[in-house]
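Structure data follow from target.cif (mmCIF, C-alpha atoms):
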data_final
loop_
_atom_site.label_atom_id
_atom_site.label_comp_id
_atom_site.auth_asym_id
_atom_site.auth_seq_id
_atom_site.Cartn_x
_atom_site.Cartn_y
_atom_site.Cartn_z
CA MET W 1 0.00 0.00 0.00
CA ASN W 2 1.52 3.35 -0.99
CA ASP W 3 1.39 6.48 1.21
CA THR W 4 -1.54 8.12 -0.63
CA THR W 5 -3.64 4.95 -0.43
CA LYS W 6 -2.76 4.58 3.24
CA ALA W 7 -3.62 8.23 3.99
CA ARG W 8 -6.99 7.95 2.23
CA LEU W 9 -7.84 4.75 4.13
CA GLU W 10 -6.82 6.41 7.42
CA GLU W 11 -9.13 9.34 6.64
CA PHE W 12 -12.11 6.98 6.18
CA ARG W 13 -11.21 5.09 9.35
CA SER W 14 -10.95 8.25 11.41
CA SER W 15 -14.56 9.14 10.47
CA ILE W 16 -15.74 5.58 11.19
CA ASP W 17 -14.04 5.75 14.60
CA ASN W 18 -15.88 9.01 15.39
CA LEU W 19 -19.23 7.45 14.48
CA ASP W 20 -18.40 4.38 16.59
CA ALA W 21 -17.64 6.56 19.62
CA ALA W 22 -21.02 8.28 19.13
CA LEU W 23 -22.61 4.82 18.85
CA VAL W 24 -21.14 3.71 22.19
CA PHE W 25 -22.27 6.88 24.00
CA LEU W 26 -25.74 6.60 22.47
CA LEU W 27 -26.05 2.95 23.51
CA SER W 28 -24.84 3.81 26.98
CA GLU W 29 -27.76 6.26 27.32
CA ARG W 30 -30.14 3.66 25.89
CA PHE W 31 -29.08 1.09 28.48
CA LYS W 32 -29.39 3.66 31.29
CA LEU W 33 -33.01 4.11 30.22
CA THR W 34 -33.77 0.40 29.84
CA LYS W 35 -32.20 -0.20 33.28
CA LYS W 36 -34.74 2.28 34.70
CA VAL W 37 -37.49 0.49 32.78
CA GLY W 38 -36.29 -2.85 34.22
CA GLU W 39 -36.45 -1.50 37.77
CA PHE W 40 -39.82 0.06 37.06
CA LYS W 41 -41.15 -3.25 35.69
CA ARG W 42 -39.81 -5.15 38.70
CA ASP W 43 -41.41 -2.65 41.12
CA HIS W 44 -44.75 -2.86 39.28
CA ASP W 45 -44.68 -6.62 38.72
CA LEU W 46 -44.60 -6.32 34.94
CA PRO W 47 -42.95 -9.04 32.78
CA PRO W 48 -39.39 -8.28 31.47
CA ALA W 49 -40.28 -8.89 27.81
CA ASP W 50 -43.18 -7.37 25.89
CA PRO W 51 -43.49 -9.10 22.48
CA GLY W 52 -46.14 -6.62 21.24
CA ARG W 53 -43.88 -3.66 21.98
CA GLU W 54 -40.94 -5.45 20.33
CA GLU W 55 -42.83 -5.93 17.05
CA VAL W 56 -43.85 -2.25 17.01
CA GLN W 57 -40.19 -1.26 17.56
CA VAL W 58 -38.98 -3.55 14.77
CA ALA W 59 -41.56 -2.27 12.27
CA ARG W 60 -40.76 1.36 13.12
CA LEU W 61 -36.99 0.87 12.83
CA ARG W 62 -37.35 -1.00 9.53
CA ALA W 63 -39.27 2.02 8.17
CA LEU W 64 -36.63 4.46 9.47
CA ALA W 65 -33.89 2.28 7.97
CA GLU W 66 -35.59 2.40 4.57
CA GLN W 67 -35.87 6.19 4.79
CA SER W 68 -32.17 6.53 5.58
CA HIS W 69 -31.01 3.87 3.07
CA LEU W 70 -29.85 1.41 5.72
CA ASP W 71 -30.64 -2.27 5.01
CA PRO W 72 -33.94 -2.88 6.94
CA ASP W 73 -33.00 -6.54 7.57
CA PHE W 74 -29.77 -5.43 9.20
CA ALA W 75 -31.66 -2.83 11.29
CA GLU W 76 -34.06 -5.56 12.43
CA ARG W 77 -31.28 -7.98 13.37
CA LEU W 78 -29.51 -5.21 15.26
CA ILE W 79 -32.53 -4.07 17.29
CA ARG W 80 -33.35 -7.70 18.18
CA PHE W 81 -29.73 -8.17 19.27
CA ILE W 82 -30.03 -5.10 21.54
CA ILE W 83 -33.47 -6.10 22.88
CA GLU W 84 -32.16 -9.60 23.78
CA GLU W 85 -29.47 -7.96 25.89
CA VAL W 86 -32.07 -5.69 27.52
CA ILE W 87 -34.26 -8.68 28.45
CA ARG W 88 -31.22 -10.47 29.92
CA ASN W 89 -30.54 -7.34 31.99
CA HIS W 90 -34.18 -7.13 33.09
CA ASP W 91 -34.05 -10.76 34.24
CA ARG W 92 -30.89 -9.93 36.19
CA ILE W 93 -32.56 -6.88 37.81
CA ARG W 94 -35.42 -9.16 38.82
CA GLY W 95 -32.91 -11.64 40.24
CA ALA W 96 -34.11 -14.43 37.92
CA MET A 1 -51.53 -1.79 34.58
CA ASN A 2 -53.13 1.44 35.84
CA ASP A 3 -53.04 4.75 33.91
CA THR A 4 -50.14 6.29 35.88
CA THR A 5 -47.99 3.17 35.41
CA LYS A 6 -48.86 3.09 31.73
CA ALA A 7 -48.06 6.81 31.26
CA ARG A 8 -44.69 6.43 33.01
CA LEU A 9 -43.79 3.42 30.85
CA GLU A 10 -44.84 5.32 27.71
CA GLU A 11 -42.57 8.19 28.73
CA PHE A 12 -39.56 5.86 29.00
CA ARG A 13 -40.41 4.22 25.69
CA SER A 14 -40.73 7.53 23.88
CA SER A 15 -37.14 8.40 24.89
CA ILE A 16 -35.91 4.92 23.89
CA ASP A 17 -37.61 5.34 20.50
CA ASN A 18 -35.83 8.67 19.98
CA LEU A 19 -32.44 7.11 20.76
CA ASP A 20 -33.23 4.21 18.41
CA ALA A 21 -34.03 6.61 15.57
CA ALA A 22 -30.67 8.33 16.20
CA LEU A 23 -29.03 4.88 16.20
CA VAL A 24 -30.49 4.03 12.78
CA PHE A 25 -29.41 7.34 11.24
CA LEU A 26 -25.93 6.99 12.73
CA LEU A 27 -25.57 3.45 11.40
CA SER A 28 -26.79 4.57 8.01
CA GLU A 29 -23.90 7.07 7.87
CA ARG A 30 -21.48 4.40 9.09
CA PHE A 31 -22.52 2.04 6.29
CA LYS A 32 -22.24 4.82 3.71
CA LEU A 33 -18.62 5.24 4.81
CA THR A 34 -17.82 1.52 4.89
CA LYS A 35 -19.37 1.19 1.42
CA LYS A 36 -16.88 3.80 0.19
CA VAL A 37 -14.10 1.89 1.96
CA GLY A 38 -15.24 -1.33 0.27
CA GLU A 39 -15.12 0.30 -3.16
CA PHE A 40 -11.76 1.84 -2.34
CA LYS A 41 -10.38 -1.54 -1.24
CA ARG A 42 -11.70 -3.21 -4.39
CA ASP A 43 -10.15 -0.51 -6.59
CA HIS A 44 -6.79 -0.81 -4.78
CA ASP A 45 -6.80 -4.61 -4.52
CA LEU A 46 -6.89 -4.61 -0.72
CA PRO A 47 -8.49 -7.53 1.20
CA PRO A 48 -12.07 -6.93 2.56
CA ALA A 49 -11.16 -7.80 6.17
CA ASP A 50 -8.29 -6.41 8.23
CA PRO A 51 -7.95 -8.40 11.48
CA GLY A 52 -5.34 -5.99 12.92
CA ARG A 53 -7.65 -3.01 12.43
CA GLU A 54 -10.56 -4.98 13.91
CA GLU A 55 -8.67 -5.68 17.14
CA VAL A 56 -7.71 -2.01 17.49
CA GLN A 57 -11.38 -1.03 17.02
CA VAL A 58 -12.55 -3.55 19.60
CA ALA A 59 -9.99 -2.43 22.20
CA ARG A 60 -10.85 1.24 21.65
CA LEU A 61 -14.60 0.67 21.89
CA ARG A 62 -14.21 -1.46 25.03
CA ALA A 63 -12.32 1.46 26.63
CA LEU A 64 -15.01 3.98 25.51
CA ALA A 65 -17.71 1.63 26.84
CA GLU A 66 -16.01 1.51 30.25
CA GLN A 67 -15.79 5.30 30.33
CA SER A 68 -19.48 5.64 29.56
CA HIS A 69 -20.61 2.76 31.85
CA LEU A 70 -21.74 0.52 29.01
CA ASP A 71 -20.90 -3.20 29.41
CA PRO A 72 -17.59 -3.59 27.45
CA ASP A 73 -18.49 -7.20 26.53
CA PHE A 74 -21.72 -6.01 24.99
CA ALA A 75 -19.87 -3.23 23.11
CA GLU A 76 -17.42 -5.82 21.76
CA ARG A 77 -20.18 -8.20 20.64
CA LEU A 78 -21.99 -5.31 18.97
CA ILE A 79 -19.00 -3.96 17.05
CA ARG A 80 -18.11 -7.50 15.86
CA PHE A 81 -21.73 -7.93 14.74
CA ILE A 82 -21.48 -4.69 12.72
CA ILE A 83 -18.03 -5.53 11.31
CA GLU A 84 -19.28 -8.97 10.13
CA GLU A 85 -21.99 -7.20 8.15
CA VAL A 86 -19.43 -4.76 6.71
CA ILE A 87 -17.19 -7.64 5.55
CA ARG A 88 -20.21 -9.35 3.93
CA ASN A 89 -20.93 -6.06 2.12
CA HIS A 90 -17.29 -5.72 1.04
CA ASP A 91 -17.36 -9.25 -0.39
CA ARG A 92 -20.54 -8.32 -2.27
CA ILE A 93 -18.92 -5.12 -3.65
CA ARG A 94 -16.02 -7.27 -4.84
CA GLY A 95 -18.50 -9.65 -6.48
CA ALA A 96 -17.29 -12.62 -4.36
#
Can the structure in the file be given as structure tokens, please?
Amino acid sequence: MNDTTKARLEEFRSSIDNLDAALVFLLSERFKLTKKVGEFKRDHDLPPADPGREEVQVARLRALAEQSHLDPDFAERLIRFIIEEVIRNHDRIRGA
Amino acid sequence: MNDTTKARLEEFRSSIDNLDAALVFLLSERFKLTKKVGEFKRDHDLPPADPGREEVQVARLRALAEQSHLDPDFAERLIRFIIEEVIRNHDRIRGA
């Protein structure tokens, strides 16, 4: 790889790294909120998972993905991946 | 569930939905960039995956996750999930 090629690749990677940092901070806020929801559900004797809510979330994110030219299937797999982790955390909060 | 409980839960969910929309738009930008990287790699005969780069990304995101109180293991699983998709896209760009 010559120096120009390397410099161009580094430029792309620097922008990707910035977006990834934003992604981590955003997810951190999301998990702070879902932790509160988990505690709230425990205190009000509500079940950790809510399949109806999950399907609404998936449909909404698929539509947003289409609008922003992100692959809707990828968006769906990603939100399900995140929700699985949230449910695991809710079970933990509940002491299951 | 009584009305107060329902309203409180709805309030949490509305904030989660806003963060999820931001997440989709952020990922859309990330995939626009990695698409450019894929085309660039194809045009310069570079391999789609770069294991050295991947380990640097994982280590950096684990550190950012710790700083922001996000589970570093979750951050690692998530970034590997995203990178897998990127490599699949790069292979597709290359016509593999």
Least-squares superpose chain W on chain A across all ordered C-alpha pairs, then write out what you get as a compact mmCIF listing (two decimals) with C-alpha atoms, keeping the file's coordinate frame.
# COMPACT_ATOMS: atom_id res chain seq x y z
CA MET W 1 -51.56 -1.77 34.58
CA ASN W 2 -53.13 1.46 35.84
CA ASP W 3 -53.04 4.76 33.90
CA THR W 4 -50.14 6.29 35.87
CA THR W 5 -47.99 3.18 35.41
CA LYS W 6 -48.87 3.09 31.72
CA ALA W 7 -48.06 6.80 31.27
CA ARG W 8 -44.69 6.43 33.00
CA LEU W 9 -43.79 3.41 30.85
CA GLU W 10 -44.84 5.31 27.71
CA GLU W 11 -42.57 8.20 28.72
CA PHE W 12 -39.56 5.86 28.99
CA ARG W 13 -40.43 4.22 25.68
CA SER W 14 -40.74 7.53 23.88
CA SER W 15 -37.14 8.39 24.89
CA ILE W 16 -35.91 4.92 23.89
CA ASP W 17 -37.61 5.34 20.50
CA ASN W 18 -35.82 8.68 19.98
CA LEU W 19 -32.45 7.10 20.76
CA ASP W 20 -33.23 4.20 18.41
CA ALA W 21 -34.03 6.60 15.57
CA ALA W 22 -30.67 8.32 16.19
CA LEU W 23 -29.03 4.88 16.20
CA VAL W 24 -30.49 4.02 12.78
CA PHE W 25 -29.40 7.34 11.23
CA LEU W 26 -25.93 6.99 12.73
CA LEU W 27 -25.57 3.44 11.40
CA SER W 28 -26.79 4.56 8.01
CA GLU W 29 -23.91 7.07 7.87
CA ARG W 30 -21.49 4.40 9.09
CA PHE W 31 -22.51 2.03 6.30
CA LYS W 32 -22.24 4.82 3.71
CA LEU W 33 -18.63 5.24 4.81
CA THR W 34 -17.82 1.52 4.89
CA LYS W 35 -19.38 1.18 1.41
CA LYS W 36 -16.88 3.80 0.20
CA VAL W 37 -14.10 1.90 1.97
CA GLY W 38 -15.25 -1.33 0.27
CA GLU W 39 -15.11 0.30 -3.16
CA PHE W 40 -11.76 1.85 -2.33
CA LYS W 41 -10.39 -1.54 -1.23
CA ARG W 42 -11.70 -3.21 -4.38
CA ASP W 43 -10.14 -0.50 -6.59
CA HIS W 44 -6.79 -0.81 -4.77
CA ASP W 45 -6.81 -4.60 -4.52
CA LEU W 46 -6.89 -4.61 -0.73
CA PRO W 47 -8.50 -7.52 1.21
CA PRO W 48 -12.07 -6.92 2.57
CA ALA W 49 -11.17 -7.81 6.17
CA ASP W 50 -8.29 -6.41 8.21
CA PRO W 51 -7.96 -8.40 11.47
CA GLY W 52 -5.34 -5.99 12.91
CA ARG W 53 -7.64 -3.01 12.41
CA GLU W 54 -10.56 -4.97 13.90
CA GLU W 55 -8.66 -5.69 17.14
CA VAL W 56 -7.69 -2.01 17.47
CA GLN W 57 -11.37 -1.03 17.00
CA VAL W 58 -12.54 -3.56 19.60
CA ALA W 59 -9.98 -2.45 22.20
CA ARG W 60 -10.83 1.23 21.64
CA LEU W 61 -14.59 0.66 21.89
CA ARG W 62 -14.20 -1.46 25.03
CA ALA W 63 -12.33 1.47 26.63
CA LEU W 64 -15.00 3.96 25.53
CA ALA W 65 -17.71 1.63 26.84
CA GLU W 66 -16.01 1.50 30.24
CA GLN W 67 -15.79 5.30 30.33
CA SER W 68 -19.49 5.65 29.57
CA HIS W 69 -20.61 2.78 31.85
CA LEU W 70 -21.74 0.52 29.01
CA ASP W 71 -20.89 -3.19 29.42
CA PRO W 72 -17.59 -3.59 27.45
CA ASP W 73 -18.47 -7.20 26.53
CA PHE W 74 -21.72 -6.01 24.99
CA ALA W 75 -19.87 -3.23 23.12
CA GLU W 76 -17.43 -5.82 21.77
CA ARG W 77 -20.18 -8.20 20.63
CA LEU W 78 -21.99 -5.31 18.97
CA ILE W 79 -18.98 -3.97 17.04
CA ARG W 80 -18.11 -7.50 15.86
CA PHE W 81 -21.73 -7.93 14.74
CA ILE W 82 -21.47 -4.69 12.72
CA ILE W 83 -18.02 -5.52 11.31
CA GLU W 84 -19.28 -8.96 10.13
CA GLU W 85 -21.99 -7.19 8.15
CA VAL W 86 -19.43 -4.76 6.71
CA ILE W 87 -17.19 -7.64 5.55
CA ARG W 88 -20.21 -9.34 3.94
CA ASN W 89 -20.93 -6.07 2.12
CA HIS W 90 -17.30 -5.72 1.05
CA ASP W 91 -17.38 -9.24 -0.39
CA ARG W 92 -20.55 -8.31 -2.27
CA ILE W 93 -18.92 -5.11 -3.64
CA ARG W 94 -16.03 -7.26 -4.83
CA GLY W 95 -18.51 -9.65 -6.44
CA ALA W 96 -17.27 -12.60 -4.36
Give me the result of the PyMOL selection byres ((chain W and resi 80) around 12) on this file, residue by residue, as a compact mmCIF listing (two decimals) with C-alpha atoms, in the frame of the given file.
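Produced file expr_31.txt, reproduced below:
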# COMPACT_ATOMS: atom_id res chain seq x y z
CA ALA W 49 -40.28 -8.89 27.81
CA PRO W 51 -43.49 -9.10 22.48
CA ARG W 53 -43.88 -3.66 21.98
CA GLU W 54 -40.94 -5.45 20.33
CA GLU W 55 -42.83 -5.93 17.05
CA VAL W 56 -43.85 -2.25 17.01
CA GLN W 57 -40.19 -1.26 17.56
CA VAL W 58 -38.98 -3.55 14.77
CA ALA W 59 -41.56 -2.27 12.27
CA LEU W 61 -36.99 0.87 12.83
CA ARG W 62 -37.35 -1.00 9.53
CA ASP W 73 -33.00 -6.54 7.57
CA PHE W 74 -29.77 -5.43 9.20
CA ALA W 75 -31.66 -2.83 11.29
CA GLU W 76 -34.06 -5.56 12.43
CA ARG W 77 -31.28 -7.98 13.37
CA LEU W 78 -29.51 -5.21 15.26
CA ILE W 79 -32.53 -4.07 17.29
CA PHE W 81 -29.73 -8.17 19.27
CA ILE W 82 -30.03 -5.10 21.54
CA ILE W 83 -33.47 -6.10 22.88
CA GLU W 84 -32.16 -9.60 23.78
CA GLU W 85 -29.47 -7.96 25.89
CA VAL W 86 -32.07 -5.69 27.52
CA ILE W 87 -34.26 -8.68 28.45
CA ASP A 20 -33.23 4.21 18.41
CA LEU A 78 -21.99 -5.31 18.97
Q. Chain W residues within 10 Å of chain A, counting only C-alpha atoms: which ones, as a PyMOL selection string?
A. chain W and resi 1+5+8-9+12-13+15-34+36-37+40-41+44-46+53+57+60-62+64-72+74-75+77-79+81-82+85
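Reported to one decimal place, the separation of CA of Arg94 in chain A from CA of Ser14 in chain W is 23.0 Å.
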Q: Go ahead and compute the interatomic distance for CA of Ala63 in chain W and CA of Arg88 in chain A, in Å to one decimal.
A: 22.6 Å
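Pairwise distance (CA of Asp50 in chain A, CA of Arg92 in chain A) equals 16.2 Å.
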